[in-house]
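S.K.: Supplied structure: query.tsv, TSV, C-alpha atoms.
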```tsv
chain	number	residue	atom	x	y	z
A	1	MET	CA	2.50	22.13	45.54
A	2	ARG	CA	-1.07	23.51	45.24
A	3	LEU	CA	-1.20	22.18	41.68
A	4	LEU	CA	-0.08	18.74	42.86
A	5	ILE	CA	-2.64	18.71	45.68
A	6	GLY	CA	-5.34	19.72	43.24
A	7	LEU	CA	-4.41	16.97	40.85
A	8	VAL	CA	-4.42	14.37	43.60
A	9	THR	CA	-7.87	15.60	44.69
A	10	LEU	CA	-9.21	15.19	41.14
A	11	LEU	CA	-7.86	11.65	40.96
A	12	LEU	CA	-9.37	10.74	44.33
A	13	LEU	CA	-12.72	12.07	43.21
A	14	GLY	CA	-12.55	9.95	40.08
A	15	VAL	CA	-12.54	12.97	37.77
A	16	VAL	CA	-10.64	12.37	34.55
A	17	THR	CA	-8.56	14.91	32.69
A	18	PRO	CA	-9.74	16.06	29.27
A	19	ALA	CA	-7.11	13.81	27.60
A	20	GLU	CA	-8.61	10.75	29.31
A	21	ALA	CA	-12.25	11.66	28.72
A	22	ALA	CA	-14.29	10.79	25.67
A	23	ALA	CA	-13.06	12.86	22.75
A	24	SER	CA	-15.13	14.16	19.87
A	25	PHE	CA	-14.82	12.03	16.72
A	26	PRO	CA	-16.39	14.35	14.13
A	27	ARG	CA	-17.67	13.36	10.73
A	28	LEU	CA	-16.23	15.11	7.68
A	29	ALA	CA	-18.64	16.94	5.39
A	30	ALA	CA	-20.04	14.72	2.62
A	31	ALA	CA	-18.93	17.12	-0.10
A	32	THR	CA	-15.40	17.10	1.27
A	33	VAL	CA	-15.31	13.31	1.41
A	34	ASP	CA	-16.58	12.97	-2.15
A	35	GLY	CA	-13.60	15.05	-3.28
A	36	PHE	CA	-11.23	12.27	-2.22
A	37	ARG	CA	-10.86	10.03	-5.27
A	38	LEU	CA	-8.60	7.27	-6.54
A	39	THR	CA	-7.90	5.88	-9.99
A	40	ALA	CA	-6.47	2.57	-11.18
A	41	GLY	CA	-5.79	3.82	-14.69
A	42	ASP	CA	-4.94	0.87	-16.94
A	43	THR	CA	-2.53	-0.69	-14.45
A	44	PHE	CA	-4.29	-4.05	-14.14
A	45	ALA	CA	-4.14	-4.58	-17.91
A	46	THR	CA	-0.59	-3.23	-18.25
A	47	TYR	CA	0.89	-5.29	-15.44
A	48	GLY	CA	-1.17	-8.30	-16.50
A	49	ALA	CA	0.45	-8.33	-19.94
A	50	ARG	CA	3.94	-7.94	-18.51
A	51	ILE	CA	3.40	-10.67	-15.94
A	52	ALA	CA	2.06	-13.07	-18.57
A	53	ALA	CA	5.30	-12.66	-20.53
A	54	LEU	CA	7.50	-13.00	-17.44
A	55	ASP	CA	5.62	-16.14	-16.38
A	56	ALA	CA	7.19	-17.93	-19.34
A	57	LYS	CA	10.56	-17.46	-17.64
A	58	LEU	CA	9.40	-17.56	-14.02
A	59	PRO	CA	6.54	-20.06	-13.59
A	60	PRO	CA	4.21	-18.68	-10.88
A	61	ARG	CA	3.69	-20.46	-7.57
A	62	GLY	CA	0.77	-20.11	-5.20
A	63	LEU	CA	0.55	-19.40	-1.49
A	64	GLY	CA	0.26	-23.10	-0.65
A	65	SER	CA	3.60	-23.73	-2.33
A	66	LEU	CA	5.16	-20.81	-0.47
A	67	LEU	CA	3.94	-22.02	2.92
A	68	ALA	CA	5.26	-25.50	2.15
A	69	ASP	CA	8.69	-23.91	1.69
A	70	THR	CA	9.04	-21.77	4.84
A	71	ASN	CA	12.57	-21.10	6.07
A	72	ARG	CA	11.97	-19.24	9.32
A	73	LYS	CA	10.20	-20.12	12.54
A	74	ALA	CA	8.24	-17.70	14.68
A	75	ARG	CA	8.03	-18.24	18.43
A	76	PRO	CA	4.98	-18.50	20.65
A	77	LEU	CA	4.25	-15.12	22.22
A	78	CYS	CA	7.43	-14.29	24.14
A	79	HIS	CA	7.44	-10.51	24.80
A	80	GLY	CA	5.15	-8.55	27.06
A	81	THR	CA	2.24	-6.84	25.32
A	82	TYR	CA	0.96	-4.38	27.97
A	83	LEU	CA	-2.55	-5.56	27.02
A	84	ALA	CA	-5.00	-6.21	29.85
A	85	THR	CA	-4.74	-9.74	31.23
A	86	ALA	CA	-8.50	-10.18	30.86
A	87	LEU	CA	-8.06	-9.97	27.09
A	88	LYS	CA	-5.92	-13.13	27.13
A	89	PRO	CA	-3.64	-11.94	24.33
A	90	ALA	CA	-2.24	-14.66	22.09
A	91	GLY	CA	0.00	-14.66	19.06
A	92	PHE	CA	3.67	-14.91	18.24
A	93	CYS	CA	7.09	-13.28	18.20
A	94	TRP	CA	9.29	-13.24	15.13
A	95	GLU	CA	12.33	-15.48	14.85
A	96	ASP	CA	14.97	-14.83	17.51
A	97	ALA	CA	17.36	-13.21	15.06
A	98	ASN	CA	17.34	-10.19	12.72
A	99	ASP	CA	13.54	-9.98	12.46
A	100	ASP	CA	13.30	-9.24	16.18
A	101	LYS	CA	16.67	-7.79	17.06
A	102	THR	CA	17.66	-5.41	14.25
A	103	ASN	CA	16.12	-2.55	12.32
A	104	ASP	CA	17.34	-3.83	8.97
A	105	TRP	CA	13.63	-4.31	8.32
A	106	ILE	CA	10.79	-2.76	10.34
A	107	PRO	CA	7.24	-4.24	10.48
A	108	GLN	CA	4.25	-2.05	9.65
A	109	GLY	CA	1.15	-3.51	8.00
A	110	LEU	CA	-0.96	-6.50	9.03
A	111	THR	CA	-3.68	-8.65	7.52
A	112	GLY	CA	-4.40	-12.34	7.17
A	113	SER	CA	-6.65	-15.15	6.08
A	114	GLY	CA	-9.38	-13.75	8.33
A	115	ASP	CA	-9.66	-10.83	5.90
A	116	ALA	CA	-9.15	-12.90	2.76
A	117	SER	CA	-11.85	-15.41	3.70
A	118	PRO	CA	-14.13	-13.84	6.31
A	119	ALA	CA	-16.49	-16.83	6.43
A	120	THR	CA	-13.84	-19.41	7.35
A	121	GLY	CA	-10.82	-17.40	8.46
A	122	THR	CA	-8.55	-19.71	6.49
A	123	VAL	CA	-6.85	-19.87	3.10
A	124	GLY	CA	-6.06	-23.29	1.75
A	125	GLY	CA	-7.14	-24.72	5.09
A	126	LYS	CA	-4.57	-22.67	7.01
A	127	ARG	CA	-4.75	-19.65	9.31
A	128	VAL	CA	-2.27	-17.27	7.71
A	129	VAL	CA	-0.90	-13.93	8.91
A	130	ALA	CA	0.65	-11.50	6.41
A	131	ALA	CA	2.82	-8.57	7.47
A	132	SER	CA	4.60	-5.79	5.56
A	133	TRP	CA	8.09	-4.49	6.38
A	134	HIS	CA	10.20	-1.59	5.13
A	135	THR	CA	13.90	-0.80	5.18
A	136	PRO	CA	15.04	2.23	7.23
A	137	GLY	CA	15.38	4.31	4.07
A	138	ASP	CA	12.12	3.02	2.55
A	139	THR	CA	14.13	1.58	-0.33
A	140	MET	CA	12.35	-1.80	-0.35
A	141	VAL	CA	9.16	-3.45	0.92
A	142	ARG	CA	8.81	-7.12	1.77
A	143	LEU	CA	5.92	-9.24	2.99
A	144	SER	CA	5.96	-12.12	5.45
A	145	PHE	CA	3.51	-14.99	5.21
A	146	VAL	CA	3.15	-16.91	8.48
A	147	ASP	CA	1.41	-20.21	9.14
A	148	ALA	CA	-0.29	-19.04	12.34
A	149	THR	CA	-0.58	-22.62	13.62
A	150	GLY	CA	2.80	-24.14	12.80
A	151	LEU	CA	4.55	-20.72	12.96
A	152	GLY	CA	6.74	-21.34	9.91
A	153	TYR	CA	7.11	-18.29	7.70
A	154	ARG	CA	8.76	-16.93	4.58
A	155	HIS	CA	9.66	-13.41	3.41
A	156	VAL	CA	9.02	-12.30	-0.19
A	157	LEU	CA	10.20	-9.12	-1.91
A	158	LEU	CA	7.65	-6.89	-3.60
A	159	VAL	CA	8.53	-6.03	-7.20
A	160	GLU	CA	7.03	-4.05	-10.06
A	161	PRO	CA	7.12	-5.52	-13.60
A	162	THR	CA	8.68	-2.92	-15.90
A	163	SER	CA	8.40	-4.93	-19.12
A	164	GLY	CA	7.80	-8.46	-20.32
A	165	THR	CA	11.40	-9.31	-19.45
A	166	ASP	CA	12.27	-7.45	-16.25
A	167	PHE	CA	11.10	-6.05	-12.92
A	168	ARG	CA	12.34	-3.60	-10.29
A	169	VAL	CA	12.06	-3.25	-6.54
A	170	VAL	CA	8.99	-1.65	-4.95
A	171	ALA	CA	10.12	1.19	-2.70
A	172	GLY	CA	8.08	2.59	0.17
A	173	HIS	CA	7.09	2.31	3.79
A	174	GLY	CA	4.58	-0.54	3.53
A	175	HIS	CA	2.26	1.52	5.73
A	176	GLY	CA	-0.73	-0.81	5.78
A	177	MET	CA	-2.32	-3.73	3.98
A	178	THR	CA	-5.44	-5.80	3.65
A	179	TRP	CA	-6.41	-9.00	1.86
A	180	ALA	CA	-9.55	-9.76	-0.15
A	181	GLY	CA	-9.91	-13.07	-1.96
A	182	ASN	CA	-6.60	-13.67	-3.73
A	183	LEU	CA	-5.57	-10.02	-3.79
A	184	LEU	CA	-3.41	-8.11	-1.34
A	185	PHE	CA	-3.72	-4.34	-1.22
A	186	VAL	CA	-0.61	-2.65	0.18
A	187	ALA	CA	-0.38	1.07	0.95
A	188	THR	CA	3.30	1.33	0.09
A	189	THR	CA	3.72	5.12	0.03
A	190	GLY	CA	1.60	8.04	1.15
A	191	GLY	CA	-0.79	8.27	-1.79
A	192	LEU	CA	-0.40	4.89	-3.48
A	193	ILE	CA	-1.99	1.48	-2.98
A	194	ARG	CA	-0.30	-1.34	-4.88
A	195	VAL	CA	-2.10	-4.62	-5.54
A	196	PHE	CA	-0.56	-8.12	-5.47
A	197	ASP	CA	-1.90	-11.62	-6.13
A	198	THR	CA	-1.35	-14.43	-3.61
A	199	THR	CA	-1.55	-16.99	-6.41
A	200	HIS	CA	1.51	-15.38	-7.98
A	201	PHE	CA	4.99	-15.75	-6.51
A	202	TRP	CA	8.15	-16.08	-8.60
A	203	LYS	CA	10.98	-18.33	-7.41
A	204	VAL	CA	14.21	-16.48	-8.24
A	205	ASP	CA	17.93	-16.90	-7.66
A	206	ALA	CA	18.91	-15.78	-4.15
A	207	GLY	CA	22.59	-15.42	-4.90
A	208	ALA	CA	22.70	-11.67	-5.54
A	209	GLY	CA	21.57	-8.47	-3.85
A	210	THR	CA	20.28	-6.96	-7.09
A	211	VAL	CA	16.64	-6.92	-8.18
A	212	GLY	CA	15.41	-8.02	-11.59
A	213	LEU	CA	17.30	-9.58	-14.46
A	214	GLY	CA	20.99	-9.72	-13.62
A	215	THR	CA	24.04	-9.66	-15.84
A	216	ASP	CA	24.31	-13.38	-15.11
A	217	GLY	CA	21.05	-13.96	-16.97
A	218	LYS	CA	19.23	-14.89	-13.77
A	219	TYR	CA	16.43	-13.09	-11.93
A	220	HIS	CA	17.14	-11.85	-8.41
A	221	ALA	CA	15.25	-10.29	-5.49
A	222	ALA	CA	17.83	-8.82	-3.10
A	223	PHE	CA	18.97	-12.21	-1.75
A	224	TYR	CA	15.37	-13.43	-1.28
A	225	ASP	CA	14.13	-16.65	-2.85
A	226	TYR	CA	10.77	-15.23	-3.89
A	227	ALA	CA	9.52	-12.10	-5.63
A	228	MET	CA	5.86	-11.06	-5.62
A	229	PRO	CA	4.88	-8.99	-8.68
A	230	GLN	CA	2.51	-6.04	-8.60
A	231	VAL	CA	-0.69	-6.64	-10.58
A	232	GLY	CA	-2.40	-3.24	-10.22
A	233	ALA	CA	-2.45	0.08	-8.36
A	234	TYR	CA	-4.63	2.93	-7.10
A	235	TRP	CA	-3.51	6.54	-6.67
A	236	TYR	CA	-4.83	10.09	-6.67
A	237	PRO	CA	-5.61	11.37	-10.19
A	238	GLY	CA	-2.87	13.68	-11.38
A	239	GLY	CA	-0.39	12.21	-8.93
A	240	GLY	CA	1.45	14.37	-6.45
A	241	ALA	CA	2.41	13.80	-2.84
A	242	CYS	CA	-0.20	13.21	-0.17
A	243	THR	CA	-0.84	15.89	2.43
A	244	THR	CA	-1.58	14.96	6.02
A	245	ALA	CA	-4.77	16.41	7.55
A	246	THR	CA	-5.24	18.96	4.73
A	247	ASP	CA	-5.99	19.19	1.00
A	248	THR	CA	-7.55	16.57	-1.30
A	249	ARG	CA	-4.90	13.83	-1.15
A	250	PRO	CA	-5.06	12.33	2.35
A	251	CYS	CA	-2.07	10.18	3.26
A	252	LEU	CA	-2.82	6.46	3.31
A	253	SER	CA	-0.92	5.47	6.44
A	254	THR	CA	-3.00	2.43	7.30
A	255	LEU	CA	-5.38	0.08	5.51
A	256	SER	CA	-8.02	-2.37	6.75
A	257	TYR	CA	-11.18	-4.11	5.56
A	258	ASP	CA	-14.61	-3.54	7.14
A	259	HIS	CA	-16.57	-6.65	6.21
A	260	THR	CA	-19.86	-5.32	7.58
A	261	ASP	CA	-20.29	-2.82	4.75
A	262	SER	CA	-17.58	-3.97	2.33
A	263	THR	CA	-15.36	-0.91	2.58
A	264	PHE	CA	-11.65	-0.38	2.90
A	265	VAL	CA	-10.61	1.94	5.72
A	266	THR	CA	-7.58	4.20	5.39
A	267	ALA	CA	-6.19	6.61	7.96
A	268	GLU	CA	-3.46	9.19	8.32
A	269	HIS	CA	-0.63	9.22	10.82
A	270	VAL	CA	-0.06	12.71	12.26
A	271	PRO	CA	3.08	12.66	14.43
A	272	SER	CA	2.60	14.25	17.86
A	273	ALA	CA	-0.91	15.47	17.12
A	274	ALA	CA	-4.50	14.47	16.48
A	275	GLY	CA	-6.55	15.26	13.38
A	276	GLY	CA	-5.63	12.40	11.08
A	277	ARG	CA	-8.41	11.70	8.57
A	278	ILE	CA	-10.10	8.31	8.45
A	279	LEU	CA	-11.81	7.41	5.18
A	280	ARG	CA	-13.98	4.62	3.81
A	281	TRP	CA	-13.57	3.47	0.21
A	282	PRO	CA	-16.19	1.17	-1.41
A	283	PHE	CA	-15.02	-2.32	-2.30
A	284	ASP	CA	-16.71	-4.82	-4.64
A	285	PRO	CA	-16.03	-8.40	-3.46
A	286	ALA	CA	-17.41	-9.83	-6.71
A	287	SER	CA	-14.77	-8.16	-8.86
A	288	GLY	CA	-12.06	-7.98	-6.21
A	289	ARG	CA	-11.56	-4.29	-6.97
A	290	LEU	CA	-12.40	-0.99	-5.37
A	291	LYS	CA	-15.80	0.14	-6.65
A	292	THR	CA	-15.79	2.93	-9.22
A	293	SER	CA	-18.43	5.60	-9.83
A	294	ALA	CA	-19.79	6.70	-13.21
A	295	ASP	CA	-16.68	8.82	-13.80
A	296	GLY	CA	-14.47	5.75	-13.52
A	297	LEU	CA	-12.96	6.90	-10.23
A	298	VAL	CA	-13.20	5.46	-6.73
A	299	HIS	CA	-14.91	8.03	-4.47
A	300	ALA	CA	-14.49	7.94	-0.71
A	301	VAL	CA	-17.92	7.42	0.88
A	302	GLU	CA	-17.40	8.45	4.50
A	303	GLY	CA	-14.80	10.28	6.54
A	304	PHE	CA	-13.92	11.34	10.07
A	305	SER	CA	-11.30	13.40	11.88
A	306	SER	CA	-9.55	11.34	14.54
A	307	PRO	CA	-8.99	12.75	18.03
A	308	VAL	CA	-6.25	10.18	18.70
A	309	TRP	CA	-2.71	11.50	18.93
A	310	GLY	CA	-0.22	9.86	16.55
A	311	MET	CA	-2.84	7.48	15.16
A	312	GLN	CA	-1.19	4.46	13.55
A	313	GLY	CA	-3.91	1.89	12.84
A	314	ALA	CA	-7.65	1.95	12.27
A	315	VAL	CA	-10.20	-0.82	11.86
A	316	SER	CA	-13.99	-0.72	12.05
A	317	ARG	CA	-16.94	-3.02	12.47
A	318	GLY	CA	-20.56	-1.94	12.32
A	319	GLY	CA	-19.70	1.76	12.67
A	320	TYR	CA	-17.46	1.21	15.70
A	321	PHE	CA	-13.74	1.96	15.28
A	322	VAL	CA	-10.69	0.72	17.14
A	323	LEU	CA	-7.64	2.94	16.68
A	324	THR	CA	-4.02	2.54	17.77
A	325	GLY	CA	-2.16	5.61	18.91
A	326	VAL	CA	-0.53	7.48	21.75
A	327	CYS	CA	-1.81	6.99	25.29
A	328	PRO	CA	-3.14	10.25	26.79
A	329	GLU	CA	-0.50	10.22	29.53
A	330	TYR	CA	2.26	10.13	26.90
A	331	ALA	CA	0.91	12.84	24.58
A	332	GLY	CA	3.80	15.18	23.85
A	333	VAL	CA	6.27	13.06	25.86
A	334	ALA	CA	9.42	12.11	23.94
A	335	GLY	CA	10.61	8.50	23.75
A	336	ASP	CA	9.14	5.05	23.15
A	337	HIS	CA	6.14	4.18	25.30
A	338	PRO	CA	3.33	1.62	25.34
A	339	SER	CA	0.60	2.49	22.88
A	340	CYS	CA	-3.11	2.59	23.62
A	341	LEU	CA	-6.21	1.27	21.91
A	342	HIS	CA	-9.01	3.79	21.50
A	343	GLY	CA	-12.58	2.90	20.56
A	344	GLY	CA	-15.69	4.74	19.51
A	345	VAL	CA	-18.47	5.29	17.01
A	346	GLY	CA	-17.63	7.43	14.02
A	347	GLY	CA	-19.37	10.80	14.21
A	348	THR	CA	-19.69	10.58	17.99
A	349	SER	CA	-16.65	10.11	20.20
A	350	THR	CA	-13.75	7.85	21.12
A	351	SER	CA	-12.35	6.88	24.49
A	352	ARG	CA	-9.38	4.92	25.69
A	353	LEU	CA	-10.01	1.18	25.95
A	354	THR	CA	-8.79	-0.82	28.92
A	355	GLY	CA	-5.08	-1.12	29.60
A	356	GLN	CA	-2.31	-0.35	27.14
A	357	ALA	CA	-0.90	-1.99	24.02
A	358	PRO	CA	2.54	-3.00	22.70
A	359	VAL	CA	5.10	-0.21	22.34
A	360	ASN	CA	4.73	1.51	18.97
A	361	SER	CA	1.69	-0.51	17.90
A	362	GLN	CA	0.99	-0.14	14.21
A	363	ASN	CA	-1.81	-1.69	12.15
A	364	LEU	CA	-4.93	-3.67	12.96
A	365	SER	CA	-6.99	-6.42	11.33
A	366	TYR	CA	-10.36	-7.84	12.36
A	367	TRP	CA	-11.19	-11.51	11.52
A	368	PRO	CA	-14.98	-12.04	11.42
A	369	ALA	CA	-14.90	-15.86	11.52
A	370	THR	CA	-13.16	-15.92	14.88
A	371	GLY	CA	-13.95	-12.48	16.31
A	372	GLU	CA	-10.24	-11.74	16.71
A	373	LEU	CA	-8.66	-8.31	16.56
A	374	TRP	CA	-5.05	-8.64	15.43
A	375	LEU	CA	-2.32	-6.02	15.86
A	376	ILE	CA	1.37	-5.68	15.11
A	377	ASN	CA	4.06	-3.44	16.59
A	378	GLU	CA	7.49	-2.32	15.42
A	379	GLN	CA	9.45	-1.87	18.65
A	380	LEU	CA	12.92	-3.39	18.46
A	381	ARG	CA	13.34	-6.52	20.63
A	382	GLU	CA	9.68	-6.27	21.67
A	383	ARG	CA	8.05	-7.15	18.35
A	384	VAL	CA	4.82	-9.09	18.64
A	385	THR	CA	1.91	-10.02	16.42
A	386	VAL	CA	-0.99	-10.58	18.74
A	387	HIS	CA	-4.75	-11.00	18.80
A	388	VAL	CA	-7.47	-10.40	21.39
A	389	PRO	CA	-11.25	-10.98	21.35
A	390	TRP	CA	-13.02	-8.01	19.77
A	391	THR	CA	-16.07	-8.36	22.02
A	392	THR	CA	-14.05	-8.58	25.23
A	393	LEU	CA	-12.09	-5.48	24.26
A	394	THR	CA	-14.95	-3.34	22.97
A	395	GLY	CA	-18.04	-4.76	24.69
A	396	ARG	CA	-19.67	-4.93	21.25
A	397	PRO	CA	-20.60	-7.91	19.06
```
Rewrite the structure of this file - the entire thing - as structure tokens.

M.R.:
Amino acid sequence: MRLLIGLVTLLLLGVVTPAEAAASFPRLAAATVDGFRLTAGDTFATYGARIAALDAKLPPRGLGSLLADTNRKARPLCHGTYLATALKPAGFCWEDANDDKTNDWIPQGLTGSGDASPATGTVGGKRVVAASWHTPGDTMVRLSFVDATGLGYRHVLLVEPTSGTDFRVVAGHGHGMTWAGNLLFVATTGGLIRVFDTTHFWKVDAGAGTVGLGTDGKYHAAFYDYAMPQVGAYWYPGGGACTTATDTRPCLSTLSYDHTDSTFVTAEHVPSAAGGRILRWPFDPASGRLKTSADGLVHAVEGFSSPVWGMQGAVSRGGYFVLTGVCPEYAGVAGDHPSCLHGGVGGTSTSRLTGQAPVNSQNLSYWPATGELWLINEQLRERVTVHVPWTTLTGRP
């Protein structure tokens, strides 16, 4: 009883608990950060040659063609978001069928035309949202491309060309993704970023659940009409599994694009704890590739240790980060709960932003042309893809 009275007294006095207060958001040592490196090897050339040969059998189609052939319809925002009313959240729900009501596929990553074309926010004159999904066993990854105005959308299966005559399924979690120019960068597994080209979709036969060249002489993509071939990749030199919060291969559990300094931001998900590492990787918009150093490797250029429990998404603008993760009141509490958005300057501190966020919120994307912060969540029967004004949320331009 004394403990309860004391707690009530603290609340009446306006004193916050340590979990609610601003939390230290420390910078990682420069030497440590420089030790985080990625390589592309010769993947762009290797996959390029294989794709060129396969194109003779599967003429490539572009994003415009895909969006003209949508076969699903999203709904105007239909589930609660837990976001503060003052933010005026807007967006959509997935089709009122398997995409919303089953865990056959689970949404994870998020990007869109606001990343691909930061000056206009559109691709081919359309506002487009792209999302990644994984199967429960991480056996396949698919992407959804949504016309954010008309709400028509189409799923495509991610595949890896194995030769000039065949391809196989891309396995993984589809942790996070971002879009630059024509290229999509998808963090499919812990230490691997695969690259795809939005001018390159293959129309395949949807009559079989197999992937690749079938015994019937036709190409298939697990009952989907379209396959999207991998054109490149980045991974840690020497390979090996990623290691969360320790060692030199941080897990790439989210991916976003900071247009203010042309860097990609990755972050680690640490279940039921803080300490996930957030890293910046230099990106060269002119080449459409991550920027390499003299040794031919991509060196991380900045890093931080996140104080947010169970961090899922991270996006930054002008040194200020917004992170999705566990609300302080739910830290260590089992079950599914609304998430929270946390904001702060790297190297200083973070604090909880107003209100809550959709249950099990995942990745984030900031669209400079419109000032929108987009987010996606995975909660069954509550799945939303929603945006709010960055400035209203953060109080920053």

S.K.: What does the distance from CA of Val308 in chain A to CA of Gly191 in chain A come to in Å, to one decimal?

M.R.: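 For CA of Val308 in chain A relative to CA of Gly191 in chain A, the distance reads 21.3 Å.
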
S.K.: Please return as a list in words every residue within 10 Å of (11.6, -22.1, 12.4), taking into account all atoms listed in the file and the file's own coordinates.

M.R.: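 The answer, in the requested form, is Thr70, Asn71, Arg72, Lys73, Ala74, Arg75, Trp94, Glu95, Asp96, Gly150, Leu151, Gly152, Tyr153 and Arg154 of chain A.
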
S.K.: Restricting the calculation to all atoms listed in the file, which member of A:Ala97, A:Leu255, A:Leu58, A:Ala274 is positioned closest to Leu213 in chain A?

M.R.: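 Going through A:Ala97, A:Leu255, A:Leu58, A:Ala274 one by one, the smallest distance to Leu213 in chain A is for A:Leu58.
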
S.K.: Extract, using only C-alpha atoms, all DNA, RNA and protein residues at most 10 Å from Tyr330 in chain A, discarding same-chain residues fewer than 5 positions from it, and format them as a PyMOL selection string.

M.R.: chain A and resi 272+309+335-340

S.K.: Given the point (-1.1, -15.5, 4.9) in the coordinates of this file, which residues lie within 10 Å, counting all atoms listed in the file, and how would they look as an MDAnalysis selection string?

M.R.: chainID A and resid 63:64 66:67 110:116 122:124 126:131 143:148 153:154 179 184 198

S.K.: Out of A:Gly164, A:Gly48, A:Gly176, A:Gly310, which residue has the shortest atom-to-atom distance to Gln108 in chain A when counting all atoms listed in the file?

M.R.: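 With all atoms listed in the file as the atom set, the closest residue is A:Gly176.
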
S.K.: Counting all atoms listed in the file, figure out which residue out of A:His220, A:Ile193, A:Ala22, A:Thr39 gets nearest to Val298 in chain A.

M.R.: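 The shortest atom-to-atom distance to Val298 in chain A comes from A:Thr39.
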
S.K.: CA of Glu302 in chain A and CA of Val33 in chain A are how many Å apart?

M.R.: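 Distance between the two atoms: 6.1 Å.
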
S.K.: Separation of CA of Gly276 in chain A and CA of Pro307 in chain A, in Å?

M.R.: 7.7 Å

S.K.: So, with only C-alpha atoms as the atoms that count, which of A:Gly125, A:Thr248, A:Val231, A:Ile106 lies closest to Asn360 in chain A?

M.R.: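 Of the candidates, the smallest distance to Asn360 in chain A is held by A:Ile106.
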
S.K.: Taking all atoms listed in the file into account, produce a table as a tab-separated table in which each residue of range 52-79 of chain A with an atom at most 8 Å from an atom of range 202-212 of chain A appears once, together with its shortest atom pair and the distance in Å to one decimal, ordered by chain and rising number.

M.R.:
```
residue	atom	partner	partner_atom	distance
A:Leu58	CA	A:Trp202	CA	5.8
A:Pro59	CA	A:Trp202	CA	6.6
A:Pro60	CA	A:Trp202	CA	5.2
A:Arg61	CA	A:Trp202	CA	6.3
```

S.K.: Which polymer residues have any atom within 12 Å of an atom of Ala29 in chain A, counting all atoms listed in the file, with same-chain residues fewer than 6 positions away left out, as a list in words?

M.R.: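 Listed by chain and then number, they are Gly35, Phe36, Arg277, Leu279, Ala300, Val301, Glu302, Gly303, Phe304, Ser305 and Gly347 of chain A.
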
S.K.: With all atoms listed in the file as the atoms that count, which of A:Gly62, A:Gly80, A:Gly109, A:Pro161 lies nearest to Gly313 in chain A?

M.R.: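 Result for the nearest residue to Gly313 in chain A: A:Gly109.
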
S.K.: Some atoms are missing, so please complete range 245-258 of chain A with N, CA and C atoms and return it as a short mmCIF file (atom, residue, chain, number, x, y, z; two decimals), keeping the file's coordinate frame.

M.R.:
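Result file result11.cif:
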```cif
data_model
loop_
_atom_site.label_atom_id
_atom_site.label_comp_id
_atom_site.auth_asym_id
_atom_site.auth_seq_id
_atom_site.Cartn_x
_atom_site.Cartn_y
_atom_site.Cartn_z
N ALA A 245 -3.76 15.62 6.85
CA ALA A 245 -4.77 16.41 7.55
C ALA A 245 -5.29 17.61 6.75
N THR A 246 -4.76 17.84 5.55
CA THR A 246 -5.24 18.96 4.73
C THR A 246 -5.30 18.55 3.26
N ASP A 247 -5.98 19.33 2.45
CA ASP A 247 -5.99 19.19 1.00
C ASP A 247 -6.75 17.91 0.57
N THR A 248 -6.69 17.61 -0.73
CA THR A 248 -7.55 16.57 -1.30
C THR A 248 -6.81 15.26 -1.55
N ARG A 249 -5.62 15.10 -1.00
CA ARG A 249 -4.90 13.83 -1.15
C ARG A 249 -4.47 13.34 0.23
N PRO A 250 -5.41 12.82 1.02
CA PRO A 250 -5.06 12.33 2.35
C PRO A 250 -4.00 11.23 2.27
N CYS A 251 -3.09 11.22 3.22
CA CYS A 251 -2.07 10.18 3.26
C CYS A 251 -2.70 8.85 3.69
N LEU A 252 -2.28 7.80 3.04
CA LEU A 252 -2.82 6.46 3.31
C LEU A 252 -1.83 5.73 4.20
N SER A 253 -1.91 5.98 5.49
CA SER A 253 -0.92 5.47 6.44
C SER A 253 -1.34 4.16 7.08
N THR A 254 -2.54 3.72 6.82
CA THR A 254 -3.00 2.43 7.30
C THR A 254 -4.11 1.95 6.37
N LEU A 255 -4.38 0.66 6.41
CA LEU A 255 -5.38 0.08 5.51
C LEU A 255 -5.99 -1.14 6.18
N SER A 256 -7.32 -1.22 6.19
CA SER A 256 -8.02 -2.37 6.75
C SER A 256 -9.32 -2.58 6.01
N TYR A 257 -9.99 -3.69 6.29
CA TYR A 257 -11.18 -4.11 5.56
C TYR A 257 -12.35 -4.22 6.55
N ASP A 258 -13.40 -3.43 6.34
CA ASP A 258 -14.61 -3.54 7.14
C ASP A 258 -15.58 -4.44 6.40
#
```
